[in-house]
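Asker: Take a look at data22.txt, compact mmCIF, C-alpha atoms:
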# COMPACT_ATOMS: atom_id res chain seq x y z
CA MET A 15 12.32 7.04 -17.66
CA ASN A 16 12.13 10.67 -16.57
CA ALA A 17 13.76 12.01 -13.45
CA PRO A 18 15.33 15.30 -12.46
CA HIS A 19 18.59 13.44 -11.84
CA PRO A 20 20.68 10.78 -13.62
CA LEU A 21 19.45 7.19 -13.38
CA ASP A 22 21.42 3.97 -13.42
CA PRO A 23 19.73 1.21 -15.47
CA SER A 24 21.95 -1.42 -13.85
CA ARG A 25 20.05 -0.82 -10.60
CA LEU A 26 17.00 -2.43 -12.21
CA GLU A 27 18.99 -5.57 -13.02
CA ARG A 28 20.27 -5.65 -9.48
CA LEU A 29 16.74 -5.30 -8.12
CA ARG A 30 15.61 -8.11 -10.40
CA GLY A 31 18.39 -10.29 -9.00
CA GLU A 32 17.34 -9.49 -5.43
CA CYS A 33 13.79 -10.25 -6.40
CA GLU A 34 14.68 -13.67 -7.78
CA THR A 35 16.81 -14.46 -4.74
CA ALA A 36 13.91 -13.52 -2.47
CA ARG A 37 11.52 -15.65 -4.52
CA GLY A 38 13.92 -18.59 -4.31
CA ALA A 39 14.27 -18.14 -0.54
CA ALA A 40 10.48 -18.00 -0.16
CA THR A 41 10.08 -21.21 -2.20
CA ARG A 42 12.76 -23.00 -0.19
CA ALA A 43 11.25 -21.85 3.09
CA HIS A 44 7.83 -23.09 2.01
CA GLU A 45 9.30 -26.42 0.92
CA SER A 46 10.97 -26.86 4.30
CA PHE A 47 7.65 -26.16 5.97
CA LEU A 48 5.92 -28.70 3.73
CA ARG A 49 8.56 -31.35 4.44
CA VAL A 50 7.97 -31.07 8.19
CA HIS A 51 4.22 -31.07 7.61
CA GLU A 52 4.56 -34.31 5.63
CA LYS A 53 6.84 -35.83 8.25
CA ILE A 54 4.20 -35.22 10.92
CA GLY A 55 1.53 -36.81 8.73
CA LEU A 56 3.70 -39.84 8.05
CA LEU A 57 4.58 -40.29 11.71
CA GLN A 58 0.93 -40.00 12.72
CA ALA A 59 -0.07 -42.56 10.07
CA GLU A 60 2.75 -44.87 11.15
CA ILE A 61 1.74 -44.81 14.79
CA ARG A 62 -1.92 -45.35 13.87
CA LYS A 63 -0.97 -48.38 11.77
CA LEU A 64 1.24 -49.74 14.53
CA SER A 65 -1.64 -49.39 16.98
CA ASP A 66 -4.12 -51.07 14.62
CA ASP A 67 -1.71 -53.90 13.79
CA ALA A 68 -0.99 -54.49 17.47
CA SER A 69 -4.67 -54.70 18.38
CA ALA A 70 -5.38 -56.94 15.36
CA GLY A 71 -2.51 -59.18 16.40
CA VAL A 72 -0.71 -58.65 13.08
CA ILE A 73 2.40 -57.75 15.00
CA ASN A 74 3.51 -58.98 18.32
CA LEU A 75 3.80 -55.88 20.45
CA GLY A 76 3.09 -55.73 24.13
CA ARG A 77 0.92 -53.03 25.67
CA ARG A 78 3.79 -51.40 27.45
CA GLU A 79 6.01 -51.54 24.41
CA LEU A 80 3.26 -50.01 22.29
CA ALA A 81 2.67 -47.24 24.83
CA GLU A 82 6.39 -46.44 24.89
CA THR A 83 6.60 -46.37 21.10
CA LYS A 84 3.51 -44.11 20.95
CA LYS A 85 4.93 -41.78 23.55
CA ALA A 86 8.22 -41.49 21.68
CA ALA A 87 6.30 -40.78 18.48
CA ASP A 88 4.09 -38.19 20.21
CA ASP A 89 7.18 -36.46 21.60
CA GLU A 90 8.70 -36.41 18.16
CA ILE A 91 5.43 -35.07 16.68
CA ALA A 92 5.29 -32.32 19.31
CA LYS A 93 8.85 -31.32 18.40
CA LEU A 94 8.01 -31.38 14.73
CA LYS A 95 4.88 -29.30 15.30
CA ALA A 96 6.93 -26.64 17.07
CA GLU A 97 9.40 -26.74 14.18
CA LYS A 98 6.52 -26.54 11.70
CA GLU A 99 5.21 -23.44 13.44
CA ARG A 100 8.63 -21.84 13.32
CA LEU A 101 9.06 -22.70 9.67
CA HIS A 102 5.60 -21.33 8.92
CA ALA A 103 6.61 -17.98 10.39
CA VAL A 104 9.89 -18.05 8.43
CA SER A 105 8.05 -18.99 5.24
CA GLU A 106 5.45 -16.25 5.70
CA GLU A 107 8.15 -13.66 6.28
CA ALA A 108 10.05 -14.82 3.20
CA ARG A 109 6.86 -14.77 1.14
CA GLU A 110 6.04 -11.23 2.29
CA ARG A 111 9.56 -10.06 1.49
CA SER A 112 9.39 -11.69 -1.93
CA ASN A 113 5.97 -10.14 -2.67
CA SER A 114 7.11 -6.72 -1.51
CA LEU A 115 10.30 -6.86 -3.59
CA GLY A 116 8.33 -8.21 -6.54
CA ALA A 117 5.87 -5.32 -6.38
CA LEU A 118 8.71 -2.81 -6.17
CA TYR A 119 10.48 -4.44 -9.12
CA VAL A 120 7.31 -4.29 -11.23
CA ARG A 121 6.90 -0.58 -10.49
CA CYS A 122 10.54 0.17 -11.25
CA ALA A 123 10.53 -1.91 -14.45
CA GLU A 124 7.37 -0.21 -15.67
CA PHE A 125 8.91 3.17 -14.85
CA ALA A 126 11.98 2.17 -16.88
CA GLY A 127 9.79 1.00 -19.76
CA VAL A 128 10.81 -2.64 -19.33
CA ASN A 129 8.34 -5.52 -19.33
CA PRO A 130 8.61 -6.77 -15.72
CA TYR A 131 7.27 -10.21 -16.65
CA ASP A 132 9.71 -10.77 -19.49
CA ARG A 133 12.24 -13.10 -17.90
CA MET B 28 43.67 -16.43 20.24
CA ILE B 29 42.15 -14.29 23.01
CA ALA B 30 43.16 -11.12 21.18
CA LYS B 31 41.47 -12.46 18.04
CA SER B 32 38.28 -13.20 19.94
CA GLN B 33 38.38 -9.74 21.53
CA ASN B 34 38.72 -8.21 18.05
CA ALA B 35 35.74 -10.23 16.88
CA ILE B 36 33.69 -9.06 19.88
CA ASP B 37 34.70 -5.44 19.22
CA ALA B 38 33.74 -5.80 15.55
CA LEU B 39 30.41 -7.28 16.56
CA LYS B 40 29.78 -4.39 18.94
CA ARG B 41 30.65 -1.91 16.19
CA ALA B 42 28.37 -3.74 13.78
CA LYS B 43 25.57 -3.65 16.32
CA SER B 44 25.97 0.07 16.83
CA VAL B 45 26.18 0.65 13.05
CA SER B 46 23.01 -1.34 12.52
CA ALA B 47 21.30 0.67 15.27
CA VAL B 48 22.36 3.93 13.59
CA ILE B 49 21.08 2.67 10.23
CA ALA B 50 17.77 1.56 11.76
CA GLU B 51 17.31 4.91 13.51
CA SER B 52 18.17 6.93 10.41
CA LEU B 53 15.81 4.87 8.29
CA GLU B 54 13.00 5.15 10.79
CA GLU B 55 13.46 8.91 10.90
CA ILE B 56 13.58 9.40 7.13
CA ARG B 57 10.63 7.05 6.57
CA LYS B 58 8.58 9.01 9.08
CA GLN B 59 9.54 12.19 7.27
CA ILE B 60 8.38 10.65 3.98
CA ASP B 61 5.06 9.64 5.55
CA ASP B 62 4.58 13.15 6.94
CA LEU B 63 5.34 14.71 3.55
CA LYS B 64 2.86 12.37 1.87
CA SER B 65 0.21 13.34 4.41
CA ALA B 66 1.01 16.98 3.76
CA ARG B 67 0.42 16.31 0.05
CA GLU B 68 -3.05 15.00 0.83
CA ASP B 69 -3.69 18.10 2.95
CA ILE B 70 -2.66 20.34 0.05
CA ALA B 71 -5.01 18.46 -2.27
CA MET B 72 -7.84 19.08 0.21
CA LEU B 73 -7.26 22.83 0.62
CA PRO B 74 -10.39 24.74 -0.43
CA VAL B 75 -10.52 26.36 -3.84
CA THR B 76 -10.87 30.16 -4.10
CA GLU B 77 -14.17 31.78 -3.22
CA GLU B 78 -14.81 32.67 -6.87
CA VAL B 79 -14.25 29.09 -8.02
CA ALA B 80 -16.57 27.78 -5.30
CA VAL B 81 -19.25 30.34 -6.25
CA SER B 82 -18.94 29.50 -9.93
CA ARG B 83 -19.25 25.76 -9.14
CA ALA B 84 -22.38 26.43 -7.09
CA VAL B 85 -23.91 28.63 -9.81
CA GLN B 86 -23.10 26.06 -12.49
CA LEU B 87 -24.73 23.29 -10.48
CA MET B 88 -27.79 25.47 -9.76
CA ARG B 89 -28.14 26.37 -13.43
CA LEU B 90 -28.09 22.71 -14.40
CA SER B 91 -30.79 21.96 -11.82
CA ILE B 92 -32.85 24.96 -12.98
CA THR B 93 -32.65 23.94 -16.66
CA SER B 94 -33.62 20.38 -15.81
CA ALA B 95 -36.51 21.57 -13.54
CA GLN B 96 -37.75 23.98 -16.23
CA GLN B 97 -37.95 21.08 -18.69
CA GLU B 98 -39.80 19.01 -16.13
CA VAL B 99 -42.53 21.42 -15.01
CA ARG B 100 -45.24 23.18 -17.00
CA SER B 101 -44.01 26.05 -19.11
CA PRO B 102 -45.25 29.55 -18.12
CA ASN B 103 -46.63 29.89 -21.66
CA ASP B 104 -49.06 27.03 -20.97
CA PHE B 105 -50.93 29.24 -18.53
CA SER B 106 -51.79 31.70 -21.30
CA LEU B 107 -53.93 29.01 -22.92
CA PRO B 108 -57.18 27.43 -21.66
CA PRO B 109 -56.34 24.34 -19.56
CA GLY B 110 -57.98 22.07 -22.13
CA ASN B 111 -55.33 23.12 -24.65
CA TRP B 112 -52.39 22.29 -22.40
CA LYS B 113 -50.11 19.59 -23.78
CA SER B 114 -50.79 17.39 -20.78
CA GLN B 115 -53.24 17.63 -17.92
CA TYR B 116 -52.08 19.51 -14.85
CA ILE B 117 -50.94 17.15 -12.14
CA PRO B 118 -51.57 18.72 -8.71
CA LYS B 119 -48.90 16.55 -7.11
CA GLN B 120 -46.22 17.77 -9.51
CA ASP B 121 -42.81 17.89 -7.79
CA PHE B 122 -43.01 21.05 -5.71
CA GLY B 123 -39.23 21.27 -5.45
CA ALA B 124 -38.92 21.24 -9.24
CA LEU B 125 -41.60 23.96 -9.48
CA VAL B 126 -39.76 26.16 -6.99
CA ILE B 127 -36.42 25.65 -8.72
CA ALA B 128 -37.95 26.29 -12.16
CA TYR B 129 -39.72 29.49 -11.15
CA LEU B 130 -37.41 30.89 -8.45
CA GLY B 131 -34.09 29.83 -9.99
CA ASP B 132 -32.45 33.25 -9.96
CA GLN B 133 -33.32 33.81 -6.30
CA ILE B 134 -31.95 30.39 -5.43
CA ILE B 135 -28.70 31.15 -7.23
CA GLU B 136 -28.45 34.42 -5.33
CA ALA B 137 -29.09 32.66 -2.00
CA ALA B 138 -26.62 29.86 -2.75
CA THR B 139 -23.96 32.36 -3.78
CA ALA B 140 -24.46 34.28 -0.53
CA GLU B 141 -24.17 31.03 1.47
CA VAL B 142 -20.95 30.05 -0.30
CA ARG B 143 -19.48 33.51 0.27
CA GLN B 144 -20.51 33.27 3.92
CA ALA B 145 -18.62 29.98 4.22
CA TYR B 146 -15.49 31.81 3.09
CA THR B 147 -15.58 34.54 5.74
CA ASP B 148 -13.31 32.58 8.10
CA ARG B 149 -11.09 30.81 5.55
CA GLN B 150 -9.16 31.49 2.43
CA GLY B 151 -9.14 29.45 -0.69
CA ILE B 152 -6.20 28.66 -2.89
CA SER B 153 -5.88 29.04 -6.65
CA ASP B 154 -5.09 26.03 -8.86
CA GLU B 155 -1.77 27.61 -9.73
CA ASP B 156 -0.78 28.11 -6.09
CA ARG B 157 -1.94 24.58 -5.25
CA GLN B 158 0.23 23.22 -8.05
CA LYS B 159 3.19 25.21 -6.76
CA LEU B 160 2.70 23.77 -3.26
CA MET B 161 2.31 20.28 -4.69
CA ASP B 162 5.48 20.63 -6.77
CA ALA B 163 7.47 21.88 -3.79
CA ASN B 164 6.11 19.02 -1.66
CA ASP B 165 6.92 16.47 -4.39
CA ARG B 166 10.48 17.78 -4.58
CA GLU B 167 10.82 17.38 -0.82
CA ILE B 168 9.44 13.83 -0.98
CA LEU B 169 11.90 12.92 -3.74
CA SER B 170 14.82 14.41 -1.77
CA ALA B 171 13.78 12.40 1.28
CA GLU B 172 13.46 9.22 -0.81
CA LEU B 173 16.91 9.81 -2.30
CA LEU B 174 18.30 10.15 1.20
CA GLU B 175 16.53 6.92 2.20
CA GLU B 176 18.05 5.16 -0.82
CA ALA B 177 21.48 6.53 0.09
CA ILE B 178 21.11 5.08 3.61
CA ILE B 179 20.04 1.70 2.20
CA ARG B 180 22.93 1.55 -0.25
CA GLY B 181 25.37 2.67 2.44
CA ALA B 182 24.07 -0.10 4.69
CA GLU B 183 24.38 -2.64 1.88
CA GLU B 184 28.00 -1.64 1.41
CA GLN B 185 28.53 -2.34 5.11
CA GLY B 186 27.03 -5.79 4.62
CA PHE B 187 23.57 -5.07 6.01
CA SER B 188 20.54 -6.08 4.03
CA ILE B 189 17.75 -3.53 4.22
CA GLU B 190 14.35 -4.08 2.73
CA ARG B 191 13.13 -1.26 0.49
CA ARG B 192 9.60 0.01 0.84
CA MET B 193 7.20 -1.54 -1.67
CA ASP B 194 6.03 1.95 -2.61
CA ALA B 195 9.49 3.49 -2.88
CA ASP B 196 9.85 5.98 -5.73
CA PRO B 197 11.47 4.25 -8.75
CA ARG B 198 13.37 7.48 -9.43
CA ALA B 199 15.13 7.00 -6.08
CA VAL B 200 15.57 3.22 -6.34
CA LEU B 201 17.07 3.52 -9.84
CA ALA B 202 19.01 6.72 -9.12
CA HIS B 203 22.61 6.90 -10.22
CA GLU B 204 25.13 7.01 -7.39
CA SER B 205 25.96 10.62 -8.33
CA ALA B 206 22.34 11.67 -7.65
CA LEU B 207 22.37 10.48 -4.05
CA PRO B 208 23.13 12.89 -1.21
With the file now loaded, output its structure as structure tokens.
Answerer:
Amino acid sequence: MNAPHPLDPSRLERLRGECETARGAATRAHESFLRVHEKIGLLQAEIRKLSDDASAGVINLGRRELAETKKAADDEIAKLKAEKERLHAVSEEARERSNSLGALYVRCAEFAGVNPYDR
Amino acid sequence: MIAKSQNAIDALKRAKSVSAVIAESLEEIRKQIDDLKSAREDIAMLPVTEEVAVSRAVQLMRLSITSAQQEVRSPNDFSLPPGNWKSQYIPKQDFGALVIAYLGDQIIEAATAEVRQAYTDRQGISDEDRQKLMDANDREILSAELLEEAIIRGAEEQGFSIERRMDADPRAVLAHESALP
């Protein structure tokens, strides 16, 4: 750890903390994205099943009623898709921030002679 | 209640202007760092001195001459009847190698003159001077990175979160408070 000025080893610990916080935020953001993605899939499957059951006569659902239910589901899916897109952008940003901080931490730890992967 | 809200609005305005000042300062210092790093590359690409360039050219020529002389027939072979030559003469022997093997000294002279000619309108730099320029440039980069770190830490103290550059100098990121401008 050579520098023409005094260094503060506690800065490395602080950076490590920031790094872990950023990694946690990236994981949470990705999980939120996945939850919405799953919700869309479930809703699509649900509406498909409802449609199939109605045409097979398994459930008693009139045409109009079915169309209304489908429309409500489609509206909900459209909203969820917009939300998914937003969450994707958030997740990507969080991932980039986490990667960037991670790379900086690795360089600083190596400079300080600390194993960056020893957690 | 209204006074409280007004205070909050004023604080927000101040915060906005502080964040704008931080963003501007960071942008400026980061540009300066980029410029200094480009300048470092320029220093690395400055031509060496004329003598170093000539000696490189001569060294390369000598290597080519030695290799060509091993490749082509030795002048001593011609003093013997062709039947006694170690291998039969090949008319299509590499003409370039023959020229280099037999006219090596003239080629070195010509190459040297060409290199010297290339230096008529520019000056080279010695390794020592290049190192001095590099060291001065590196000191400037470090100073700029320390200033950048000082801005980031100052912003953090004000409650703003600023992302550090991935390629920030660890000496700046880990610098003790007392080392910052």
Asker: For a quick check of understanding, using all atoms listed in the file, which of B:Glu136, B:Asp156, B:Asp194, B:Glu55 has the smallest distance to Met88 of chain B?
Answerer: B:Glu136
Asker: Tell me, counting only C-alpha atoms, for each residue of chain A within 6 Å of chain B, which pair of atoms is nearest and how far apart they are in Å to one decimal, in rows ordered by chain and increasing number, as a tab-separated table.
Answerer:
residue	atom	partner	partner_atom	distance
A:His19	CA	B:Ala206	CA	5.9
A:Pro20	CA	B:His203	CA	5.5
A:Leu21	CA	B:Ala202	CA	4.3
A:Asp22	CA	B:His203	CA	4.5
A:Arg25	CA	B:Leu201	CA	5.3
A:Ser114	CA	B:Met193	CA	5.2
A:Leu118	CA	B:Met193	CA	4.9
A:Cys122	CA	B:Pro197	CA	4.9
Asker: Might you pull out every residue within 12 Å of Lys84 of chain A, with all atoms listed in the file counted and same-chain residues fewer than 2 positions away left off, and present them as a count of residues only?
Answerer: 23
Asker: Tell me, in Å to one decimal, how far atom CA of Glu141 of chain B is from atom CA of Gln158 of chain B.
Answerer: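 Distance reported for this atom pair: 27.3 Å.
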Asker: Find the distance between atom CA of Val75 of chain B and atom CA of Arg157 of chain B and write it in Å to one decimal.
Answerer: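 Result for atom CA of Val75 of chain B versus atom CA of Arg157 of chain B: 8.9 Å, one decimal.
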Asker: What does the structure give for the distance between atom CA of Tyr119 of chain A and atom CA of Asp165 of chain B, in Å to one decimal?
Answerer: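 Value for the atom CA of Tyr119 of chain A-atom CA of Asp165 of chain B distance: 21.7 Å.
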Asker: Neighbours of Glu99 of chain A within 12 Å (all atoms listed in the file; same-chain residues fewer than 5 positions away dropped), as a VMD selection string?
Answerer: chain A and resid 44 46 to 48 50 to 51 92 to 94 104 to 106
Asker: Taking only C-alpha atoms into account, which of B:Ser82, B:Thr76, B:Ser44, B:Gln96 comes nearest Thr139 of chain B?
Answerer: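 The shortest atom-to-atom distance to Thr139 of chain B comes from B:Ser82.
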